[in-house]
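Q: Structure file data-v5.txt, compact mmCIF, C-alpha atoms (C1' of nucleotides) and all ligand atoms, is pasted below:
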```txt
# COMPACT_ATOMS: atom_id res chain seq x y z
CA MET D 1 0.00 0.00 0.00
CA GLN D 2 0.86 3.60 -0.30
CA ASN D 3 2.02 5.19 -3.45
CA SER D 4 1.13 8.64 -4.69
CA LYS D 5 -1.91 7.39 -6.59
CA VAL D 6 -3.74 6.23 -3.52
CA ALA D 7 -4.43 9.65 -2.16
CA GLU D 8 -6.00 10.99 -5.35
CA SER D 9 -9.74 11.26 -5.16
CA ILE D 10 -11.62 9.40 -7.81
CA PHE D 11 -14.72 11.38 -6.96
CA SER D 12 -13.43 14.50 -8.70
CA GLN D 13 -12.80 14.66 -12.41
CA HIS D 14 -9.58 13.07 -13.45
CA ASP D 15 -7.79 11.50 -16.39
CA HIS D 16 -9.46 8.16 -16.10
CA GLN D 17 -7.70 6.70 -19.11
CA HIS D 18 -4.64 7.00 -16.93
CA CYS D 19 -6.33 4.89 -14.25
CA ILE D 20 -7.14 2.25 -16.85
CA ASP D 21 -3.73 2.20 -18.47
CA GLN D 22 -1.96 2.00 -15.17
CA ALA D 23 -4.19 -0.78 -13.87
CA LEU D 24 -3.81 -2.86 -17.00
CA ALA D 25 -0.07 -2.37 -17.10
CA ALA D 26 0.26 -3.30 -13.44
CA ALA D 27 -1.84 -6.42 -14.00
CA LYS D 28 0.28 -7.57 -16.91
CA GLU D 29 3.48 -6.97 -15.03
CA LEU D 30 2.21 -8.77 -11.96
CA CYS D 31 1.05 -11.79 -13.90
CA ARG D 32 4.35 -11.89 -15.76
CA GLN D 33 6.23 -11.91 -12.48
CA ARG D 34 4.01 -14.58 -10.99
CA LYS D 35 3.90 -16.66 -14.16
CA SER D 36 0.12 -16.43 -14.08
CA ARG D 37 -1.86 -16.23 -17.28
CA LEU D 38 -3.88 -13.10 -17.89
CA THR D 39 -6.03 -14.76 -20.53
CA PRO D 40 -8.33 -12.82 -22.88
CA VAL D 41 -11.43 -13.29 -20.72
CA ARG D 42 -9.58 -12.32 -17.57
CA GLU D 43 -8.03 -9.28 -19.15
CA ARG D 44 -11.32 -8.18 -20.67
CA VAL D 45 -13.13 -8.55 -17.35
CA LEU D 46 -10.47 -6.43 -15.71
CA GLU D 47 -10.86 -3.79 -18.45
CA LEU D 48 -14.61 -3.80 -18.03
CA ILE D 49 -14.27 -3.35 -14.29
CA TRP D 50 -11.93 -0.45 -14.84
CA GLN D 51 -14.17 1.33 -17.31
CA SER D 52 -15.32 3.44 -14.38
CA HIS D 53 -15.06 3.65 -10.63
CA LEU D 54 -18.50 2.15 -10.23
CA PRO D 55 -18.47 -1.30 -8.68
CA LEU D 56 -19.94 -3.78 -11.18
CA GLY D 57 -21.92 -6.92 -10.50
CA ALA D 58 -20.98 -10.24 -12.03
CA TYR D 59 -24.04 -10.27 -14.23
CA GLN D 60 -23.42 -6.77 -15.53
CA LEU D 61 -19.99 -7.95 -16.60
CA LEU D 62 -21.56 -11.04 -18.07
CA ASN D 63 -23.91 -8.99 -20.23
CA GLN D 64 -21.10 -6.91 -21.60
CA LEU D 65 -18.95 -9.95 -22.28
CA SER D 66 -21.71 -11.73 -24.15
CA GLN D 67 -22.29 -8.68 -26.35
CA GLU D 68 -18.66 -8.97 -27.38
CA GLY D 69 -18.90 -12.57 -28.48
CA PHE D 70 -17.35 -14.06 -25.40
CA ASN D 71 -19.02 -17.06 -23.96
CA SER D 72 -21.64 -15.86 -21.59
CA ALA D 73 -22.38 -18.22 -18.75
CA PRO D 74 -21.99 -17.29 -15.10
CA PRO D 75 -19.02 -19.58 -14.41
CA THR D 76 -17.02 -17.79 -17.07
CA VAL D 77 -17.16 -14.46 -15.35
CA TYR D 78 -16.97 -15.86 -11.82
CA ARG D 79 -13.83 -17.77 -12.70
CA ALA D 80 -12.28 -14.65 -14.13
CA LEU D 81 -13.30 -12.71 -11.04
CA ASP D 82 -11.81 -15.38 -8.77
CA PHE D 83 -8.54 -15.16 -10.63
CA LEU D 84 -8.46 -11.38 -10.37
CA LEU D 85 -9.40 -11.53 -6.67
CA ASP D 86 -6.70 -14.10 -5.97
CA HIS D 87 -4.11 -11.82 -7.50
CA GLY D 88 -5.41 -8.76 -5.70
CA LEU D 89 -6.24 -7.04 -8.99
CA ILE D 90 -9.79 -6.40 -7.88
CA HIS D 91 -11.71 -6.29 -4.62
CA ARG D 92 -15.15 -7.58 -3.83
CA ILE D 93 -17.53 -5.19 -2.12
CA ALA D 94 -19.74 -7.33 0.08
CA SER D 95 -22.39 -4.72 0.77
CA LEU D 96 -23.02 -4.35 -2.97
CA ASN D 97 -22.25 -7.83 -4.28
CA ALA D 98 -20.00 -6.09 -6.74
CA PHE D 99 -16.40 -5.82 -7.83
CA ILE D 100 -14.02 -2.90 -8.20
CA GLY D 101 -10.49 -2.51 -9.50
CA CYS D 102 -7.58 -2.18 -7.12
CA ASN D 103 -5.08 0.55 -7.85
CA CYS D 104 -2.21 -0.92 -5.89
CA PRO D 105 -2.31 -4.67 -6.48
CA GLN D 106 1.44 -4.96 -5.95
CA ASP D 107 1.16 -5.25 -2.21
CA GLN D 108 -1.27 -7.58 -0.58
CA HIS D 109 -3.89 -5.71 1.43
CA HIS D 110 -7.52 -5.50 2.35
CA GLY D 111 -9.70 -2.97 0.62
CA TYR D 112 -11.34 -0.18 2.58
CA PHE D 113 -14.00 1.67 0.67
CA LEU D 114 -15.91 4.90 0.59
CA ILE D 115 -19.03 4.25 -1.47
CA CYS D 116 -21.22 7.10 -2.62
CA ARG D 117 -24.89 6.17 -2.45
CA ASP D 118 -25.70 8.86 -5.00
CA CYS D 119 -23.22 8.52 -7.87
CA GLY D 120 -22.22 4.98 -6.93
CA SER D 121 -18.47 5.51 -7.10
CA ALA D 122 -16.27 3.57 -4.73
CA GLN D 123 -12.93 4.88 -3.59
CA GLU D 124 -10.38 2.68 -1.97
CA ILE D 125 -8.71 4.45 0.93
CA GLU D 126 -5.42 4.12 2.70
CA ALA D 127 -5.26 1.12 4.93
CA GLU D 128 -2.46 0.79 7.41
CA GLU D 129 -3.85 2.92 10.20
CA ILE D 130 -7.31 1.49 9.88
CA SER D 131 -6.04 -2.05 9.79
CA SER D 132 -3.85 -1.69 12.86
CA PHE D 133 -6.61 0.12 14.70
CA LEU D 134 -9.17 -2.55 13.96
CA ARG D 135 -6.78 -5.38 14.76
CA GLN D 136 -5.93 -3.71 18.03
CA ASN D 137 -9.62 -3.55 18.94
CA ALA D 138 -10.07 -7.16 17.94
CA SER D 139 -7.08 -8.45 19.85
CA ALA D 140 -8.51 -6.85 22.98
CA ALA D 141 -11.16 -9.54 22.61
CA GLY D 142 -8.53 -12.20 21.90
CA PHE D 143 -9.62 -12.35 18.30
CA LYS D 144 -7.18 -12.99 15.46
CA VAL D 145 -8.24 -11.08 12.36
CA GLU D 146 -7.67 -12.64 8.97
CA THR D 147 -9.88 -10.73 6.57
CA GLU D 148 -11.36 -7.28 6.93
CA THR D 149 -14.49 -5.90 5.36
CA VAL D 150 -14.73 -2.15 5.78
CA GLU D 151 -17.23 -0.40 3.57
CA LEU D 152 -18.44 3.10 4.39
CA SER D 153 -21.42 4.30 2.46
CA GLY D 154 -22.55 7.90 2.24
CA LEU D 155 -22.05 10.96 0.10
CA CYS D 156 -18.91 11.89 -1.80
CA PRO D 157 -17.79 15.54 -1.93
CA GLN D 158 -19.32 16.10 -5.38
CA CYS D 159 -22.68 14.67 -4.47
CA GLN D 160 -22.79 16.64 -1.22
CA ASN D 161 -22.44 19.82 -3.26
CA ARG D 162 -25.03 18.69 -5.74
CA SER D 163 -27.61 17.89 -3.08
CA GLN D 164 -26.99 21.27 -1.42
CA GLN D 165 -27.67 23.02 -4.72
CA ASP D 166 -30.83 20.97 -5.18
CA ASP D 167 -32.07 22.17 -1.82
CA GLN D 168 -32.00 25.76 -2.98
CA MET W 1 -24.33 1.45 22.73
CA GLN W 2 -22.44 0.68 25.85
CA ASN W 3 -23.83 -1.27 28.70
CA SER W 4 -22.05 -3.91 30.72
CA LYS W 5 -23.18 -6.71 28.41
CA VAL W 6 -21.28 -5.44 25.41
CA ALA W 7 -17.87 -6.31 26.73
CA GLU W 8 -18.70 -9.93 27.53
CA SER W 9 -17.31 -12.38 25.05
CA ILE W 10 -19.84 -14.60 23.41
CA PHE W 11 -17.05 -16.86 22.22
CA SER W 12 -16.55 -18.36 25.68
CA GLN W 13 -19.18 -20.40 27.43
CA HIS W 14 -21.88 -18.33 29.00
CA ASP W 15 -25.44 -18.43 30.19
CA HIS W 16 -26.97 -18.06 26.79
CA GLN W 17 -30.51 -18.28 28.07
CA HIS W 18 -29.72 -14.97 29.69
CA CYS W 19 -28.79 -13.53 26.27
CA ILE W 20 -32.09 -14.74 24.87
CA ASP W 21 -34.22 -13.54 27.75
CA GLN W 22 -32.61 -10.16 27.77
CA ALA W 23 -32.93 -9.71 24.00
CA LEU W 24 -36.58 -10.71 23.96
CA ALA W 25 -37.41 -8.50 26.90
CA ALA W 26 -35.62 -5.55 25.34
CA ALA W 27 -37.48 -6.12 22.08
CA LYS W 28 -40.85 -6.18 23.77
CA GLU W 29 -40.11 -3.08 25.76
CA LEU W 30 -38.83 -1.25 22.70
CA CYS W 31 -41.86 -2.11 20.62
CA ARG W 32 -44.16 -1.12 23.43
CA GLN W 33 -42.48 2.27 23.68
CA ARG W 34 -42.61 2.77 19.93
CA LYS W 35 -46.13 1.42 19.57
CA SER W 36 -44.81 -1.09 17.05
CA ARG W 37 -46.28 -4.54 16.83
CA LEU W 38 -44.01 -7.45 17.66
CA THR W 39 -46.29 -9.96 15.95
CA PRO W 40 -45.92 -13.73 16.38
CA VAL W 41 -43.85 -14.17 13.20
CA ARG W 42 -41.62 -11.26 14.08
CA GLU W 43 -41.09 -12.43 17.63
CA ARG W 44 -40.45 -16.00 16.55
CA VAL W 45 -37.90 -14.88 13.97
CA LEU W 46 -36.13 -12.88 16.63
CA GLU W 47 -36.12 -15.91 18.93
CA LEU W 48 -34.76 -18.11 16.17
CA ILE W 49 -32.00 -15.62 15.48
CA TRP W 50 -31.12 -15.56 19.15
CA GLN W 51 -31.01 -19.33 19.55
CA SER W 52 -27.24 -19.00 19.13
CA HIS W 53 -24.60 -16.46 18.22
CA LEU W 54 -24.33 -17.89 14.73
CA PRO W 55 -25.57 -15.54 12.05
CA LEU W 56 -28.51 -17.16 10.25
CA GLY W 57 -29.54 -16.83 6.63
CA ALA W 58 -33.09 -15.93 5.66
CA TYR W 59 -33.75 -19.38 4.25
CA GLN W 60 -32.48 -21.13 7.36
CA LEU W 61 -35.01 -19.13 9.32
CA LEU W 62 -37.62 -19.91 6.72
CA ASN W 63 -37.05 -23.65 7.11
CA GLN W 64 -37.44 -23.49 10.85
CA LEU W 65 -40.55 -21.36 10.60
CA SER W 66 -42.22 -23.71 8.17
CA GLN W 67 -41.54 -26.67 10.45
CA GLU W 68 -43.49 -24.80 13.09
CA GLY W 69 -46.55 -24.28 10.98
CA PHE W 70 -45.84 -20.68 10.09
CA ASN W 71 -46.30 -19.57 6.56
CA SER W 72 -43.10 -20.33 4.75
CA ALA W 73 -42.64 -18.13 1.76
CA PRO W 74 -39.62 -15.85 1.43
CA PRO W 75 -41.55 -12.59 1.83
CA THR W 76 -42.76 -13.68 5.24
CA VAL W 77 -39.30 -13.96 6.69
CA TYR W 78 -37.88 -11.00 4.79
CA ARG W 79 -40.67 -8.78 6.03
CA ALA W 80 -40.03 -9.89 9.57
CA LEU W 81 -36.31 -9.29 9.10
CA ASP W 82 -36.99 -5.82 7.69
CA PHE W 83 -39.06 -4.98 10.73
CA LEU W 84 -36.37 -6.20 13.10
CA LEU W 85 -33.68 -4.36 11.15
CA ASP W 86 -35.70 -1.14 11.15
CA HIS W 87 -35.98 -1.31 14.91
CA GLY W 88 -32.31 -2.16 15.37
CA LEU W 89 -33.18 -5.50 16.97
CA ILE W 90 -30.95 -7.36 14.55
CA HIS W 91 -28.07 -6.54 12.24
CA ARG W 92 -27.37 -7.79 8.75
CA ILE W 93 -23.91 -9.16 8.08
CA ALA W 94 -23.17 -8.35 4.46
CA SER W 95 -20.21 -10.65 4.06
CA LEU W 96 -22.35 -13.64 5.07
CA ASN W 97 -25.78 -12.65 3.80
CA ALA W 98 -26.96 -13.44 7.29
CA PHE W 99 -28.59 -11.88 10.32
CA ILE W 100 -27.60 -11.68 13.96
CA GLY W 101 -29.25 -10.36 17.07
CA CYS W 102 -28.26 -7.03 18.54
CA ASN W 103 -27.68 -6.91 22.27
CA CYS W 104 -28.15 -3.19 22.68
CA PRO W 105 -31.02 -2.20 20.40
CA GLN W 106 -31.95 0.72 22.64
CA ASP W 107 -29.49 3.08 21.04
CA GLN W 108 -29.20 3.41 17.30
CA HIS W 109 -25.81 2.30 16.05
CA HIS W 110 -23.95 0.43 13.36
CA GLY W 111 -22.82 -3.09 14.06
CA TYR W 112 -19.13 -3.98 14.07
CA PHE W 113 -18.45 -7.68 14.03
CA LEU W 114 -15.81 -10.24 14.81
CA ILE W 115 -16.74 -13.37 12.90
CA CYS W 116 -15.01 -16.66 13.57
CA ARG W 117 -14.44 -18.59 10.36
CA ASP W 118 -14.18 -21.83 12.32
CA CYS W 119 -17.11 -21.91 14.75
CA GLY W 120 -19.10 -19.28 12.87
CA SER W 121 -19.95 -17.14 15.89
CA ALA W 122 -20.26 -13.41 15.44
CA GLN W 123 -19.57 -10.99 18.22
CA GLU W 124 -20.65 -7.40 18.05
CA ILE W 125 -17.99 -5.09 19.41
CA GLU W 126 -17.98 -1.68 20.94
CA ALA W 127 -18.46 1.03 18.40
CA GLU W 128 -17.76 4.60 19.36
CA GLU W 129 -14.00 4.68 18.88
CA ILE W 130 -14.16 2.75 15.65
CA SER W 131 -16.92 4.89 14.27
CA SER W 132 -15.20 8.18 15.04
CA PHE W 133 -11.92 6.85 13.73
CA LEU W 134 -13.43 5.72 10.44
CA ARG W 135 -15.42 8.91 10.02
CA GLN W 136 -12.32 10.92 10.65
CA ASN W 137 -10.50 9.01 7.92
CA ALA W 138 -13.42 9.48 5.57
CA SER W 139 -13.83 13.16 6.21
CA ALA W 140 -10.18 13.64 5.27
CA ALA W 141 -11.39 12.71 1.79
CA GLY W 142 -14.40 15.02 2.10
CA PHE W 143 -16.69 12.03 2.39
CA LYS W 144 -19.80 12.07 4.57
CA VAL W 145 -20.40 8.63 6.07
CA GLU W 146 -23.96 7.42 6.52
CA THR W 147 -23.73 3.68 6.99
CA GLU W 148 -20.79 1.58 8.09
CA THR W 149 -20.05 -2.02 7.30
CA VAL W 150 -17.23 -3.38 9.42
CA GLU W 151 -16.86 -7.13 9.53
CA LEU W 152 -13.64 -8.74 10.68
CA SER W 153 -13.29 -12.41 9.99
CA GLY W 154 -10.74 -14.67 11.60
CA LEU W 155 -10.34 -16.95 14.60
CA CYS W 156 -11.97 -16.48 17.97
CA PRO W 157 -9.98 -17.23 21.15
CA GLN W 158 -11.52 -20.69 21.55
CA CYS W 159 -10.85 -21.74 18.00
CA GLN W 160 -7.28 -20.45 18.17
CA ASN W 161 -6.70 -22.80 21.10
CA ARG W 162 -8.38 -25.67 19.36
CA SER W 163 -6.29 -25.31 16.21
CA GLN W 164 -3.12 -25.15 18.32
CA GLN W 165 -4.07 -28.40 20.02
CA ASP W 166 -4.79 -29.98 16.65
CA ASP W 167 -1.31 -29.08 15.48
CA GLN W 168 0.31 -31.13 18.20
C1' DT U 1 -69.50 0.27 13.21
C1' DC U 2 -66.81 1.81 9.58
C1' DC U 3 -62.45 3.09 7.56
C1' DA U 4 -57.61 3.28 6.48
C1' DA U 5 -53.32 1.52 7.47
C1' DA U 6 -50.59 -2.26 8.60
C1' DA U 7 -49.62 -7.00 8.29
C1' DC U 8 -49.91 -11.26 5.96
C1' DG U 9 -50.63 -15.14 2.25
C1' DC U 10 -49.32 -16.46 -2.06
C1' DA U 11 -47.32 -16.95 -6.72
C1' DA U 12 -44.06 -15.56 -9.59
C1' DT U 13 -39.81 -13.66 -10.68
C1' DG U 14 -35.31 -11.48 -10.25
C1' DT U 15 -30.46 -11.64 -8.72
C1' DT U 16 -26.16 -13.66 -7.22
C1' DA U 17 -23.21 -17.71 -7.00
C1' DT U 18 -21.72 -22.60 -7.41
C1' DA U 19 -21.62 -27.73 -8.75
C1' DA U 20 -20.54 -31.09 -11.93
C1' DC U 21 -18.60 -32.81 -15.93
C1' DA U 22 -16.71 -32.69 -20.59
C1' DC U 23 -13.43 -30.66 -23.65
C1' DA U 24 -9.46 -27.67 -25.11
C1' DA U 25 -5.19 -25.27 -24.47
C1' DT U 26 -0.86 -24.90 -22.27
C1' DT U 27 3.21 -26.39 -19.92
C1' DG U 28 6.88 -29.18 -18.52
C1' DT U 29 9.36 -33.30 -19.42
C1' DA U 30 11.37 -37.30 -21.59
C1' DT S 1 8.45 -34.19 -30.95
C1' DA S 2 5.47 -37.07 -28.09
C1' DC S 3 2.92 -37.23 -24.13
C1' DA S 4 1.19 -36.67 -19.48
C1' DA S 5 -0.26 -33.42 -16.13
C1' DT S 6 -2.11 -29.18 -15.21
C1' DT S 7 -4.80 -25.39 -16.08
C1' DG S 8 -8.40 -23.00 -18.35
C1' DT S 9 -13.04 -23.00 -20.72
C1' DG S 10 -17.85 -24.45 -22.41
C1' DT S 11 -22.21 -25.93 -20.94
C1' DT S 12 -26.08 -27.32 -18.24
C1' DA S 13 -28.21 -27.28 -14.23
C1' DT S 14 -29.15 -25.80 -9.69
C1' DA S 15 -28.42 -23.58 -5.19
C1' DA S 16 -28.83 -19.54 -2.42
C1' DC S 17 -30.45 -14.99 -1.63
C1' DA S 18 -34.03 -11.38 -2.34
C1' DT S 19 -38.02 -8.72 -4.31
C1' DT S 20 -42.49 -7.51 -6.83
C1' DG S 21 -47.27 -7.47 -7.20
C1' DC S 22 -51.66 -8.23 -5.74
C1' DG S 23 -55.37 -9.63 -3.07
C1' DT S 24 -57.03 -10.73 1.76
C1' DT S 25 -57.01 -10.28 6.75
C1' DT S 26 -56.20 -7.99 10.95
C1' DT S 27 -55.98 -4.09 13.71
C1' DG S 28 -56.49 0.31 15.94
C1' DG S 29 -58.75 4.54 15.76
C1' DA S 30 -62.55 7.92 14.14
ZN ZN D 201 -10.21 6.88 -12.69
ZN ZN D 202 -20.79 10.49 -5.40
ZN ZN D 203 -25.29 -15.84 24.36
ZN ZN D 204 -14.68 -19.68 16.85
```
For this file, write the structure as structure tokens.
A:
Amino acid sequence: MQNSKVAESIFSQHDHQHCIDQALAAAKELCRQRKSRLTPVRERVLELIWQSHLPLGAYQLLNQLSQEGFNSAPPTVYRALDFLLDHGLIHRIASLNAFIGCNCPQDQHHGYFLICRDCGSAQEIEAEEISSFLRQNASAAGFKVETETVELSGLCPQCQNRSQQDDQ
Amino acid sequence: MQNSKVAESIFSQHDHQHCIDQALAAAKELCRQRKSRLTPVRERVLELIWQSHLPLGAYQLLNQLSQEGFNSAPPTVYRALDFLLDHGLIHRIASLNAFIGCNCPQDQHHGYFLICRDCGSAQEIEAEEISSFLRQNASAAGFKVETETVELSGLCPQCQNRSQQDDQ
DNA sequence: TCCAAAACGCAATGTTATAACACAATTGTA
DNA sequence: TACAATTGTGTTATAACATTGCGTTTTGGA
């Protein structure tokens, strides 16, 4: 965790093609290093997930895949998602049953998310402090944490402004 | 949040009948105050949820209800669950698609959970520090938190001991 | 007693995820 | 290159979770 990208807000306008390019490049490099195969389906699913910062459901991905001539049965997309999850290239958002790209797949980590209920965007936020804080709380109960699900839903800066304007 | 019950670990052996009695009594009192109707289905669903500290899925509840002569279609149990959720008598655990009783429904709060992957028990943990910490982190990104999903999965004290013994 | 709102019964359907098994592609090895 | 083992994919079916719509019953209050 922690490179300069992480701090950038995805809620504001930004060069999203850069997000995509970087994610795809990182994925290819990672798979090369690990001698894992980023097959066409897997790569395409990752691209589809990165088309925006909106978490996508498996069946949304499935629809898009099938329109592109890929085979379109649930196992196809779930297998691709499993692969991407295993390699940390995406995260699953439990409260939405949806999947989102990870912008720092190099280092193993849990995903912590800010999810806007209005525009739907999900931003992954910095982890170390949160993780240590939560683990500290858990260990007070003698509990050994293995996986962490932290998903905060609410309003992003943009949508707060928008709803204020609407009030007027 | 915050009465003496909260700190007690549900992972160790305890007088669980006391948990049940207290939860049911609190529910009745709360509904009385709010002039809400804790109907037979709703009460029975709450009892079923409290039969242990294992989060239960809607269809597990449905099976048990039907064996008791209650109507057994999904909407029945989901409506009861919605009622109980609305009144804070239970929490939904997103990472499990399951429901668990709340031991302090008096005050409105989010549920933070320690979930043992071995025995399946889920313990709700104290909230205020976690909540303020998370909100602080979120507000640094200009994000306004409304709902919080915090679910830590791992090994409870008991199951840590057990797996150590198994290793020998 | 009558009414409106709340709760419930019921059937169908929608959504998310996995099981099981056959076949194809890839990789490492002799 | 042959060939076995592994890994990935196609396909069908089904499990698991959740909601919609509509009509009937119950309930509490005017
Ligand atoms: Zn972007
Ligand atoms: Zn937003
Ligand atoms: Zn108990
Ligand atoms: Zn346990």
Q: Taking all atoms listed in the file into account, report as a ChimeraX atom specification which residues have an atom no farther than 10 Å from an atom of ligand ZN 203 (chain D).
A: /W:8-23,50-54,101,103,123
Q: Can you tell me which residues come within 10 Å of ligand ZN 202 (chain D) when counting all atoms listed in the file, ideally as a ChimeraX atom specification?
A: /D:10-12,54,114-123,154-162 /W:143
Q: What lies within 12 Å of segment 125-131 of chain D using all atoms listed in the file, ignoring chain neighbours under 5 positions off, as a PyMOL selection string?
A: (chain D and resi 1-10+102-104+107-115+136-139+145-152) or (chain W and resi 129-141+143+150-152)
Q: Give me, please, the distance in Å between atom CA of Ser163 of chain W and atom CA of Gly142 of chain D, quoted to one decimal.
A: 14.5 Å
Q: For chain W, work out the contacting residues on chain U at 10 Å, counting only C-alpha atoms (C1' of nucleotides), and write them as a list in words.
A: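 For chain U, the answer reads DA6, DA7, DC8, DG9, DC10 and DA11 of chain U.
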Q: What is the atom CA of Leu89 of chain D-atom CA of Ala27 of chain D distance in Å, reported with one decimal?
A: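 Distance between the two atoms: 6.7 Å.
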Q: Find the spatial neighbours of segment 4-7 of chain S, counting all atoms listed in the file, within a cut-off of 9 Å - ignore same-chain residues fewer than 4 positions away - and output them as a list in words.
A: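 With the cut-off at 9 Å, the set is DA25, DT26, DT27, DG28 and DT29 of chain U.
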Q: Rank nothing, just name the residue among S:DC17, S:DA30, S:DC22, S:DA2 nearest to chain D, using only C-alpha atoms (C1' of nucleotides).
A: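 Nearest to chain D: S:DC17.
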Q: When you count all atoms listed in the file, which of these residues is closest to ligand ZN 201 (chain D): D:Ile49, D:Leu62, D:Ala25, D:Cys31?
A: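 Answer, going by the shortest atom-to-atom distance: D:Ile49.
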Q: Between atom CA of Tyr59 of chain D and atom C1' of DC23 of chain U, what is the spacing in Å?
A: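 Separating atom C1' of DC23 of chain U from atom CA of Tyr59 of chain D is a distance of 24.8 Å.
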Q: Taking all atoms listed in the file into account, which of W:Ile90, W:Gln106, W:Ser95, W:Gln165 comes nearest chain D?
A: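 Smallest separation from chain D among the options: W:Ser95.
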Q: Counting all atoms listed in the file, which of W:Pro105, W:Gly69, W:Gly88, W:Gly57 gets nearest to chain S?
A: W:Gly57
Q: Which of these residues is nearest to chain S, using all atoms listed in the file: W:Ala94, W:Glu29, W:Leu24, W:Gln64?
A: W:Ala94
Q: Determine, counting only C-alpha atoms (C1' of nucleotides), every residue of protein, DNA or RNA that lies within 10 Å of (-37.2, -8.1, -5.3) in the file coordinates, then give the result as JSON, numbers by chain.
A: {"W": [75], "U": [13, 14, 15], "S": [18, 19, 20]}
Q: Looking at all atoms listed in the file, which of D:Gln60, D:Gln33, D:Ile100, D:Lys144 is the one that sits closest to ligand ZN 204 (chain D)?
A: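 Using all atoms listed in the file, ligand ZN 204 (chain D) sits closest to D:Lys144.
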Q: Write out, as a tab-separated table, each residue of chain S that has an atom at most 9 Å from chain D, together with the closest pair of atoms and their distance in Å to one decimal, counting only C-alpha atoms (C1' of nucleotides), rows going by chain and rising number.
A:
```
residue	atom	partner	partner_atom	distance
S:DG8	C1'	D:Thr39	CA	8.8
S:DT9	C1'	D:Thr76	CA	7.5
S:DG10	C1'	D:Asn71	CA	7.6
S:DT11	C1'	D:Ala73	CA	8.0
```
